[in-house]
Amino acid sequence: MASRKSNPIPRRGARRLAAPLLTVGLMVGLAVGLGSWLASGAIGAQPSNGESQRPAQFERLQGFSTVVVNHVNATLGTDKLPVANGGGVEPGLLVTVALDRLQIFDRDVAKLSAGRVSDTAIAAECASGCPAVLYDAFQRSWLEAAVESTAFAVEIPQRVLLAVHRDLPADSLLQIAYAVAETRPVQPPQLALLVNNARGSLRARSIFLVPPQGLELRQGSAALGLTVEVSPGRYRVTATDPRYARQHEATTPAMLEAIARDIKRRYPGKETVIVVPRDGVKVRELMRVARIMRDDFPRLVLSAGQDVRTP
Amino acid sequence: MISPRPLATRWLARATLGLLSVCAACNKEPPVVQMPNEPPPQRAAQSFVHCVEARTSQCVEAAAELGGWDAFYLLTWLGGGSPLAILEALPDELADHTDPRRVQRRFVDEVERYAIYIRGAECEGTSSQPIDPLIDQVSSVAAHRLGRFGLWTENIKEITAGLVEEAHEELGGGSLVRLDCKSDPFRLYVATRKREGRQAVVGLTTLLPRFIDAEPPDRDVVSERLRSRPLGLANSTAPVVEGIVDPWLRFPVEEF
């Protein structure tokens, strides 16, 4: 085998690339810095009227946040995201869910009808019972990321950003979240829901999922497992800890807030709430519960109804 | 009593017949070895795979055409890769692209990554297509896509045009051959180009975006690859963190 070392002269095409290369290096470097600044909360949810795509802004805003805003505006409109508070938008795999389609970055991977997967066949491999069309699409996407990580100097993303229409059925959100999390190799990713905060800025609200096969806590873990089941216009508050032995019903957000405050008084060290959406609940209602509970229980865990047992 | 004579006669008769048939064969033309009926790029790809099975990366030649494949692969990345990865790694990958040794290293690494798995995978060529139309298709997809993401700057435009020109110059007239295998990596894409009267292999990968190959691998294939050694996922396990609820709920159990 001859060696490339015998030909140290760069190729013609390579020389042609050298000049713009320096510029792109500087530009992307600048973009990374800008991206962090934007992720820290300085970015506003831009209107979806195409203004954000003016060439003059490309070099100033180039970065992951720009990619997210441009894409979400083009496919969904950032004004269609649910309203909630959250942290900065950090880079990750971007999943966009409109009411008629699901995309991984810009690739259509499933058709939806009124926010539901049209082909409802279940993937046998999916412990949470997610539709095969979602399981296959996300699994393929993780394979692409794995191959990409061997070809280029990048890692398989640790984070998944879900940009979903606020009128999406909540059970669809859970199917999607479980499918993307179950298919990731090695360990489930960190999940974040893209939201608009009260000032209209794009934020990311971290969410967790109860393990797809359910959860049995260790004896003596002293977990409370506070759970809110959400039905249209009704909230049922329970806990998985058998010593709690109470059940509250609320029909208004104010009642739910009062219940949450009361529980927090008795369990000041607990930070977590499991939210279980029932039939007919949309993402906007799910996030309303998250907003109500946030002051007292800021950590949001979603469940499709999996068992959580506290011995 | 059975006489030995008829037995000897029978043996002699068989021997005579055998000798006659051998003589008949001697009079025939020497047998013509038929080359496989596949197109030359597919045969070259198959030979390359056989070479890799035997000698791993020594099958990779040093040639200017490797840069053409590298340019093509970067374009497919821009057209189908993760925007997150593109933003993160594009400057370094373009810098590597300008260094022929690193370009060759990339090819060698890819071959070495899969060599021992290709050995038992029984990879067979299934199709071959001219690469020139693919270069144009890939560049058009990349331009459209980067535009949608707001990344289509004059600078990126210039870089993409350079990659397209380089791919055409150094890979033009070549082919992309797909081989299907019975085990990991399950599929190989091998790029060939005619050089000095023979087909040379100038690139290899195991996965290409859907706009190039619309036939997705089966769920079982994807599952197995996601646990495979070449991708570094065979022995990977989640780090054990004390005090958390569960790998799905990575926060202190006291706060649950």
# chains A, B, ... in the order shown; residues from 1 in each chain; ligands from 1

$ interface_residues --of "chain B" --to "chain A" --cutoff "6 Å" --atoms "only C-alpha atoms" --output "list in words"
Gln58, Glu61, Ala62, Pro91, Thr98, Arg101, Phe149, Asn155, Glu166, Ser236, Thr237, Ala238, Trp248, Glu255 and Phe256 of chain B

$ select_by_dssp --residues "stretch 70-244 of chain B" --states "strand (DSSP E or B)" --output "MDAnalysis selection string"
chainID B and resid 124:130 175:180 187:195 198:205 244

$ select_by_dssp --residues "stretch 159-254 of chain B" --states "alpha helix (DSSP H)" --output "ChimeraX atom specification"
/B:159-171,219-225

$ atom_distance --atom1 "atom CA of B:Pro39" --atom2 "atom CA of B:Thr206"
20.9 Å

$ residues_around --residues "B:Glu170" --least-positions-apart "2" --cutoff "6 Å" --atoms "only C-alpha atoms" --output "PyMOL selection string"
chain B and resi 65+68+166-168+172

$ residues_around --residues "A:Gln219" --least-positions-apart "5" --cutoff "12 Å" --atoms "only C-alpha atoms" --output "number ranges by chain"
A: 241, 309-311; B: 253

$ write_last_selection --atoms "C-alpha atoms" --output "short mmCIF file (atom, residue, chain, number, x, y, z; two decimals), in the first residue's frame"
data_model
loop_
_atom_site.label_atom_id
_atom_site.label_comp_id
_atom_site.auth_asym_id
_atom_site.auth_seq_id
_atom_site.Cartn_x
_atom_site.Cartn_y
_atom_site.Cartn_z
CA ASP A 241 -46.15 5.84 49.74
CA ARG A 309 -44.52 0.95 44.21
CA THR A 310 -43.08 2.08 47.49
CA PRO A 311 -42.63 -0.83 49.95
CA VAL B 253 -34.28 9.59 45.90
#

$ residues_around --residues "stretch 256-264 of chain A" --least-positions-apart "3" --cutoff "12 Å" --atoms "only C-alpha atoms" --output "PyMOL selection string"
(chain A and resi 224-230+233-239+244+246-253+267-273+288-298) or (chain B and resi 255)

$ residues_around --residues "B:Pro230" --least-positions-apart "4" --cutoff "9 Å" --atoms "only C-alpha atoms" --output "VMD selection string"
(chain A and resid 150) or (chain B and resid 113 to 114 117 184 to 185 225 234)

$ write_last_selection --atoms "C-alpha atoms" --output "PDB file, in the first residue's frame"
ATOM      1  CA  THR A 150     -17.638   7.246  14.617  1.00  0.00           C
TER       2      THR A 150
ATOM      3  CA  ARG B 113     -13.519  -0.665  12.257  1.00  0.00           C
ATOM      4  CA  TYR B 114     -15.491  -3.210  10.243  1.00  0.00           C
ATOM      5  CA  TYR B 117     -16.922  -8.247  11.148  1.00  0.00           C
ATOM      6  CA  ASP B 184     -23.118  -6.768  11.242  1.00  0.00           C
ATOM      7  CA  PRO B 185     -22.565  -4.309   9.521  1.00  0.00           C
ATOM      8  CA  ARG B 225     -26.102  -2.412  15.246  1.00  0.00           C
ATOM      9  CA  ALA B 234     -21.279  -3.524  22.763  1.00  0.00           C
TER      10      ALA B 234
END

$ atom_distance --atom1 "atom CA of A:Gln213" --atom2 "atom CA of A:Arg278"
18.4 Å

$ residues_around --residues "B:Gln129" --least-positions-apart "3" --cutoff "8 Å" --atoms "only C-alpha atoms" --output "ChimeraX atom specification"
/B:175-177

$ closest_residue --among "A:Leu76, A:Val117, A:Val160, A:Val283" --to "A:Leu173" --atoms "only C-alpha atoms"
A:Val283
